[in-house]
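Worksheet: one structure, shown below.
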Amino acid sequence: MIESVSDPVTEDDLHAFVDGHLTPERVHVVEMWLKAHPKDAQRVSIMREQTEALRDMFRPVAEEPLPSRLRLNHIQERVVAKRRGALVVPLWRAAAASALLLIGGAGGWGLRQASLPQPEGLTALIEEASASYVVYAPDRERPVEIRASDRQTLSHWAQTRLGYTPALPDLSPAGYRLMGGRVVATPRGPALMIMYDDDHGSRFVLFTRTMNHKDREAPLRNSQDGDLRRYAWASSGIGYSLVGAAPDHVLRSLAQRIQSEQGRFSS
């Protein structure tokens, strides 16, 4: 029996719950509320996915090495050099000045990176698909949110979030079985990631979402990032990207198969 919640949960409560900013007492209240309100529970699940996707997207910027001129020891050296021969500055003041300079410099560096031109079209789609592959393909516990055994639920959930019914290609004749999928967040709206594997543990993902008007149609193109082979194309306003570490000829064959037969795949 679900415990009743007399104190209504607000939108701010839900966001604070996702961000981990509630007190233990309030967490308990929100958890009880979510048990009694499935729609809010689904929204919280989606918000968590979006939060994780954004963290994954901006992690390369956060992990980028700070320029040497902004490192604390270099800043301290410059501060000491300017004051050499003058009165000694109290240690706490020098430390405070260094900290302020470091924070301001790091913030400026992050803003500069964020202001750089962002990829568009198929390039953006490939990067998004690659990010999903890197995050979910190695996961041996929960690589997908909805399993292939619940195919209809996966299709309906994706259709509700994406606004169109995505195809779930049957690639078993090529030796790959559908594992399942999940809806993920991107800067350009929700996308569906579906995952396949073979009998040898090799996995790849098919990533799909709506495209901007100017990118509604695009021929098959490929790129490589380390061991990752990446293919992408767009048709009738829907973009597709296939990403995996399989040999190039294998992934190309699968991409061409999906592209040529996507109109006949049943969802």
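Scheme for the structure tokens: letters A, B, ... for chains in order shown; per-chain residue numbers from 1; ligand numbers from 1 in order shown.
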- Item | For region 44-51 of chain A: contacts at 8 Å, only C-alpha atoms, fewer than 2 positions along chain excluded, given as JSON, numbers by chain | {"A": [14, 15, 18, 40, 41, 42, 53, 54, 55, 184, 185, 186]}
Next, dump the selected residues to file, keeping only all heavy atoms, as a PDB file, in the first residue's frame.
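Final output, saved to out-v2.pdb:
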ATOM      1  N   LEU A  14      10.803  18.510  -7.551  1.00  0.00           N
ATOM      2  CA  LEU A  14      11.209  17.465  -8.494  1.00  0.00           C
ATOM      3  C   LEU A  14      12.609  17.731  -9.041  1.00  0.00           C
ATOM      4  O   LEU A  14      13.442  16.823  -9.139  1.00  0.00           O
ATOM      5  CB  LEU A  14      10.195  17.368  -9.646  1.00  0.00           C
ATOM      6  CG  LEU A  14       8.789  16.913  -9.259  1.00  0.00           C
ATOM      7  CD1 LEU A  14       7.897  16.840 -10.486  1.00  0.00           C
ATOM      8  CD2 LEU A  14       8.816  15.562  -8.549  1.00  0.00           C
ATOM      9  N   HIS A  15      12.869  18.999  -9.398  1.00  0.00           N
ATOM     10  CA  HIS A  15      14.193  19.335  -9.931  1.00  0.00           C
ATOM     11  C   HIS A  15      15.262  19.192  -8.855  1.00  0.00           C
ATOM     12  O   HIS A  15      16.367  18.691  -9.123  1.00  0.00           O
ATOM     13  CB  HIS A  15      14.185  20.763 -10.488  1.00  0.00           C
ATOM     14  CG  HIS A  15      13.493  20.880 -11.802  1.00  0.00           C
ATOM     15  ND1 HIS A  15      14.097  20.558 -12.996  1.00  0.00           N
ATOM     16  CD2 HIS A  15      12.226  21.266 -12.124  1.00  0.00           C
ATOM     17  CE1 HIS A  15      13.259  20.752 -13.995  1.00  0.00           C
ATOM     18  NE2 HIS A  15      12.111  21.178 -13.497  1.00  0.00           N
ATOM     19  N   VAL A  18      16.076  15.513  -8.413  1.00  0.00           N
ATOM     20  CA  VAL A  18      16.975  15.011  -9.463  1.00  0.00           C
ATOM     21  C   VAL A  18      18.414  15.467  -9.213  1.00  0.00           C
ATOM     22  O   VAL A  18      19.371  14.717  -9.401  1.00  0.00           O
ATOM     23  CB  VAL A  18      16.502  15.485 -10.854  1.00  0.00           C
ATOM     24  CG1 VAL A  18      17.539  15.157 -11.931  1.00  0.00           C
ATOM     25  CG2 VAL A  18      15.165  14.837 -11.208  1.00  0.00           C
ATOM     26  N   ASP A  40       4.639  11.838 -12.979  1.00  0.00           N
ATOM     27  CA  ASP A  40       5.761  12.591 -12.415  1.00  0.00           C
ATOM     28  C   ASP A  40       6.999  11.706 -12.297  1.00  0.00           C
ATOM     29  O   ASP A  40       8.127  12.172 -12.506  1.00  0.00           O
ATOM     30  CB  ASP A  40       5.396  13.153 -11.042  1.00  0.00           C
ATOM     31  CG  ASP A  40       4.513  14.392 -11.142  1.00  0.00           C
ATOM     32  OD1 ASP A  40       4.433  14.966 -12.245  1.00  0.00           O
ATOM     33  OD2 ASP A  40       3.898  14.772 -10.132  1.00  0.00           O
ATOM     34  N   ALA A  41       6.790  10.445 -11.979  1.00  0.00           N
ATOM     35  CA  ALA A  41       7.922   9.517 -11.875  1.00  0.00           C
ATOM     36  C   ALA A  41       8.610   9.347 -13.223  1.00  0.00           C
ATOM     37  O   ALA A  41       9.837   9.301 -13.313  1.00  0.00           O
ATOM     38  CB  ALA A  41       7.441   8.162 -11.353  1.00  0.00           C
ATOM     39  N   GLN A  42       7.785   9.286 -14.288  1.00  0.00           N
ATOM     40  CA  GLN A  42       8.369   9.171 -15.632  1.00  0.00           C
ATOM     41  C   GLN A  42       9.139  10.430 -15.994  1.00  0.00           C
ATOM     42  O   GLN A  42      10.226  10.373 -16.571  1.00  0.00           O
ATOM     43  CB  GLN A  42       7.269   8.920 -16.655  1.00  0.00           C
ATOM     44  CG  GLN A  42       7.804   8.706 -18.070  1.00  0.00           C
ATOM     45  CD  GLN A  42       6.689   8.443 -19.068  1.00  0.00           C
ATOM     46  OE1 GLN A  42       5.535   8.766 -18.828  1.00  0.00           O
ATOM     47  NE2 GLN A  42       7.033   7.868 -20.189  1.00  0.00           N
ATOM     48  N   ALA A  53      23.085  12.992 -19.764  1.00  0.00           N
ATOM     49  CA  ALA A  53      23.527  13.236 -21.139  1.00  0.00           C
ATOM     50  C   ALA A  53      24.292  14.551 -21.244  1.00  0.00           C
ATOM     51  O   ALA A  53      25.310  14.647 -21.931  1.00  0.00           O
ATOM     52  CB  ALA A  53      22.323  13.248 -22.083  1.00  0.00           C
ATOM     53  N   LEU A  54      23.802  15.589 -20.572  1.00  0.00           N
ATOM     54  CA  LEU A  54      24.493  16.879 -20.593  1.00  0.00           C
ATOM     55  C   LEU A  54      25.851  16.783 -19.910  1.00  0.00           C
ATOM     56  O   LEU A  54      26.833  17.378 -20.373  1.00  0.00           O
ATOM     57  CB  LEU A  54      23.622  17.944 -19.916  1.00  0.00           C
ATOM     58  CG  LEU A  54      22.365  18.360 -20.697  1.00  0.00           C
ATOM     59  CD1 LEU A  54      21.497  19.288 -19.855  1.00  0.00           C
ATOM     60  CD2 LEU A  54      22.747  19.036 -22.003  1.00  0.00           C
ATOM     61  N   ARG A  55      25.916  16.038 -18.807  1.00  0.00           N
ATOM     62  CA  ARG A  55      27.205  15.860 -18.136  1.00  0.00           C
ATOM     63  C   ARG A  55      28.194  15.154 -19.052  1.00  0.00           C
ATOM     64  O   ARG A  55      29.356  15.526 -19.148  1.00  0.00           O
ATOM     65  CB  ARG A  55      27.014  15.052 -16.859  1.00  0.00           C
ATOM     66  CG  ARG A  55      26.372  15.850 -15.729  1.00  0.00           C
ATOM     67  CD  ARG A  55      26.093  14.964 -14.539  1.00  0.00           C
ATOM     68  NE  ARG A  55      25.494  15.716 -13.450  1.00  0.00           N
ATOM     69  CZ  ARG A  55      24.918  15.157 -12.391  1.00  0.00           C
ATOM     70  NH1 ARG A  55      24.883  13.835 -12.280  1.00  0.00           N
ATOM     71  NH2 ARG A  55      24.391  15.911 -11.435  1.00  0.00           N
ATOM     72  N   VAL A 184      17.303   9.350 -25.254  1.00  0.00           N
ATOM     73  CA  VAL A 184      18.352  10.162 -24.648  1.00  0.00           C
ATOM     74  C   VAL A 184      18.166  11.620 -25.049  1.00  0.00           C
ATOM     75  O   VAL A 184      17.525  11.931 -26.059  1.00  0.00           O
ATOM     76  CB  VAL A 184      19.759   9.679 -25.078  1.00  0.00           C
ATOM     77  CG1 VAL A 184      19.990   8.250 -24.634  1.00  0.00           C
ATOM     78  CG2 VAL A 184      19.939   9.801 -26.585  1.00  0.00           C
ATOM     79  N   ALA A 185      18.710  12.516 -24.260  1.00  0.00           N
ATOM     80  CA  ALA A 185      18.611  13.950 -24.534  1.00  0.00           C
ATOM     81  C   ALA A 185      19.799  14.414 -25.366  1.00  0.00           C
ATOM     82  O   ALA A 185      20.917  13.942 -25.193  1.00  0.00           O
ATOM     83  CB  ALA A 185      18.565  14.733 -23.221  1.00  0.00           C
ATOM     84  N   THR A 186      19.548  15.349 -26.282  1.00  0.00           N
ATOM     85  CA  THR A 186      20.605  16.002 -27.048  1.00  0.00           C
ATOM     86  C   THR A 186      20.302  17.496 -27.062  1.00  0.00           C
ATOM     87  O   THR A 186      19.173  17.912 -26.768  1.00  0.00           O
ATOM     88  CB  THR A 186      20.680  15.490 -28.500  1.00  0.00           C
ATOM     89  OG1 THR A 186      19.663  16.134 -29.292  1.00  0.00           O
ATOM     90  CG2 THR A 186      20.495  13.980 -28.576  1.00  0.00           C
TER      91      THR A 186
END
With a distance cut-off of 10 Å and only C-alpha atoms, select the neighbouring residues of Ser149 (chain A), excluding the residue or stretch itself and same-chain residues fewer than 3 positions from it, and output the selection as a tab-separated table (two decimals) with N, CA and C atoms, in the first residue's frame.
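Output file selection.tsv is given in full below:
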chain	number	residue	atom	x	y	z
A	146	ILE	N	14.85	-0.16	-22.06
A	146	ILE	CA	13.76	-1.09	-22.35
A	146	ILE	C	14.30	-2.20	-23.24
A	152	GLN	N	7.11	-3.49	-28.21
A	152	GLN	CA	6.01	-2.56	-28.41
A	152	GLN	C	6.09	-1.37	-27.45
A	153	THR	N	6.48	-1.64	-26.20
A	153	THR	CA	6.64	-0.55	-25.23
A	153	THR	C	7.74	0.40	-25.67
A	154	LEU	N	8.86	-0.17	-26.14
A	154	LEU	CA	9.97	0.65	-26.62
A	154	LEU	C	9.53	1.53	-27.78
A	178	LEU	N	18.67	-7.41	-31.77
A	178	LEU	CA	18.28	-6.19	-31.07
A	178	LEU	C	18.30	-6.44	-29.56
A	179	MET	N	19.04	-5.59	-28.82
A	179	MET	CA	19.09	-5.70	-27.36
A	179	MET	C	17.97	-4.88	-26.71
A	180	GLY	N	17.65	-3.73	-27.31
A	180	GLY	CA	16.67	-2.81	-26.76
A	180	GLY	C	17.14	-1.38	-26.99
- Query: So which residues touch Ala129 (chain A) within 12 Å, counting only C-alpha atoms, skipping near sequence neighbours fewer than 6 positions away, as a ChimeraX atom specification?
  - Reply: /A:53,56-57,122-123,135-137,183-186,191-195,204-209,228-232,239-244
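Taking CA of Gly121 (chain A) as the reference point, CA of Gly181 (chain A) is found at 22.9 Å.
In this structure, CA of Tyr133 (chain A) sits 26.0 Å away from CA of His213 (chain A).
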So that I can see what lies close to Asp12 (chain A), please list as a short mmCIF file (atom, residue, chain, number, x, y, z; two decimals) with all heavy atoms, in the first residue's frame the residues with an atom at most 12 Å from it, counting only C-alpha atoms and leaving out residues fewer than 6 positions away in the same chain.
data_model
loop_
_atom_site.label_atom_id
_atom_site.label_comp_id
_atom_site.auth_asym_id
_atom_site.auth_seq_id
_atom_site.Cartn_x
_atom_site.Cartn_y
_atom_site.Cartn_z
N VAL A 18 16.08 15.51 -8.41
CA VAL A 18 16.98 15.01 -9.46
C VAL A 18 18.41 15.47 -9.21
O VAL A 18 19.37 14.72 -9.40
CB VAL A 18 16.50 15.48 -10.85
CG1 VAL A 18 17.54 15.16 -11.93
CG2 VAL A 18 15.16 14.84 -11.21
N ASP A 19 18.56 16.72 -8.75
CA ASP A 19 19.90 17.29 -8.53
C ASP A 19 20.52 16.89 -7.20
O ASP A 19 21.67 17.22 -6.92
CB ASP A 19 19.83 18.82 -8.61
CG ASP A 19 19.45 19.30 -10.00
OD1 ASP A 19 19.72 18.57 -10.96
OD2 ASP A 19 18.90 20.42 -10.12
N GLY A 20 19.74 16.19 -6.34
CA GLY A 20 20.27 15.75 -5.06
C GLY A 20 20.40 16.86 -4.03
O GLY A 20 21.30 16.84 -3.19
N HIS A 21 19.49 17.85 -4.09
CA HIS A 21 19.58 19.01 -3.20
C HIS A 21 18.52 19.03 -2.10
O HIS A 21 18.32 20.05 -1.46
CB HIS A 21 19.49 20.30 -4.02
CG HIS A 21 20.65 20.51 -4.92
ND1 HIS A 21 20.62 21.37 -6.00
CD2 HIS A 21 21.89 19.96 -4.92
CE1 HIS A 21 21.79 21.34 -6.62
NE2 HIS A 21 22.58 20.50 -5.98
N LEU A 22 17.81 17.92 -1.91
CA LEU A 22 16.76 17.87 -0.88
C LEU A 22 17.30 17.27 0.42
O LEU A 22 18.25 16.49 0.42
CB LEU A 22 15.58 17.04 -1.38
CG LEU A 22 14.76 17.61 -2.54
CD1 LEU A 22 13.64 16.64 -2.89
CD2 LEU A 22 14.20 18.98 -2.22
N ARG A 26 12.73 15.44 3.05
CA ARG A 26 12.00 15.84 1.85
C ARG A 26 12.15 14.80 0.73
O ARG A 26 11.23 14.61 -0.07
CB ARG A 26 12.52 17.20 1.35
CG ARG A 26 11.58 17.88 0.34
CD ARG A 26 10.21 18.12 0.93
NE ARG A 26 9.29 18.74 -0.03
CZ ARG A 26 7.98 18.81 0.13
NH1 ARG A 26 7.43 18.31 1.23
NH2 ARG A 26 7.22 19.38 -0.78
N VAL A 30 9.12 13.14 -1.46
CA VAL A 30 9.08 13.11 -2.92
C VAL A 30 8.98 11.67 -3.42
O VAL A 30 8.25 11.38 -4.37
CB VAL A 30 10.31 13.82 -3.51
CG1 VAL A 30 10.35 13.63 -5.02
CG2 VAL A 30 10.29 15.30 -3.16
N VAL A 44 10.63 12.48 -13.93
CA VAL A 44 11.87 12.48 -13.15
C VAL A 44 12.91 11.58 -13.82
O VAL A 44 14.10 11.92 -13.90
CB VAL A 44 11.61 12.04 -11.70
CG1 VAL A 44 12.91 11.68 -10.99
CG2 VAL A 44 10.88 13.14 -10.94
#
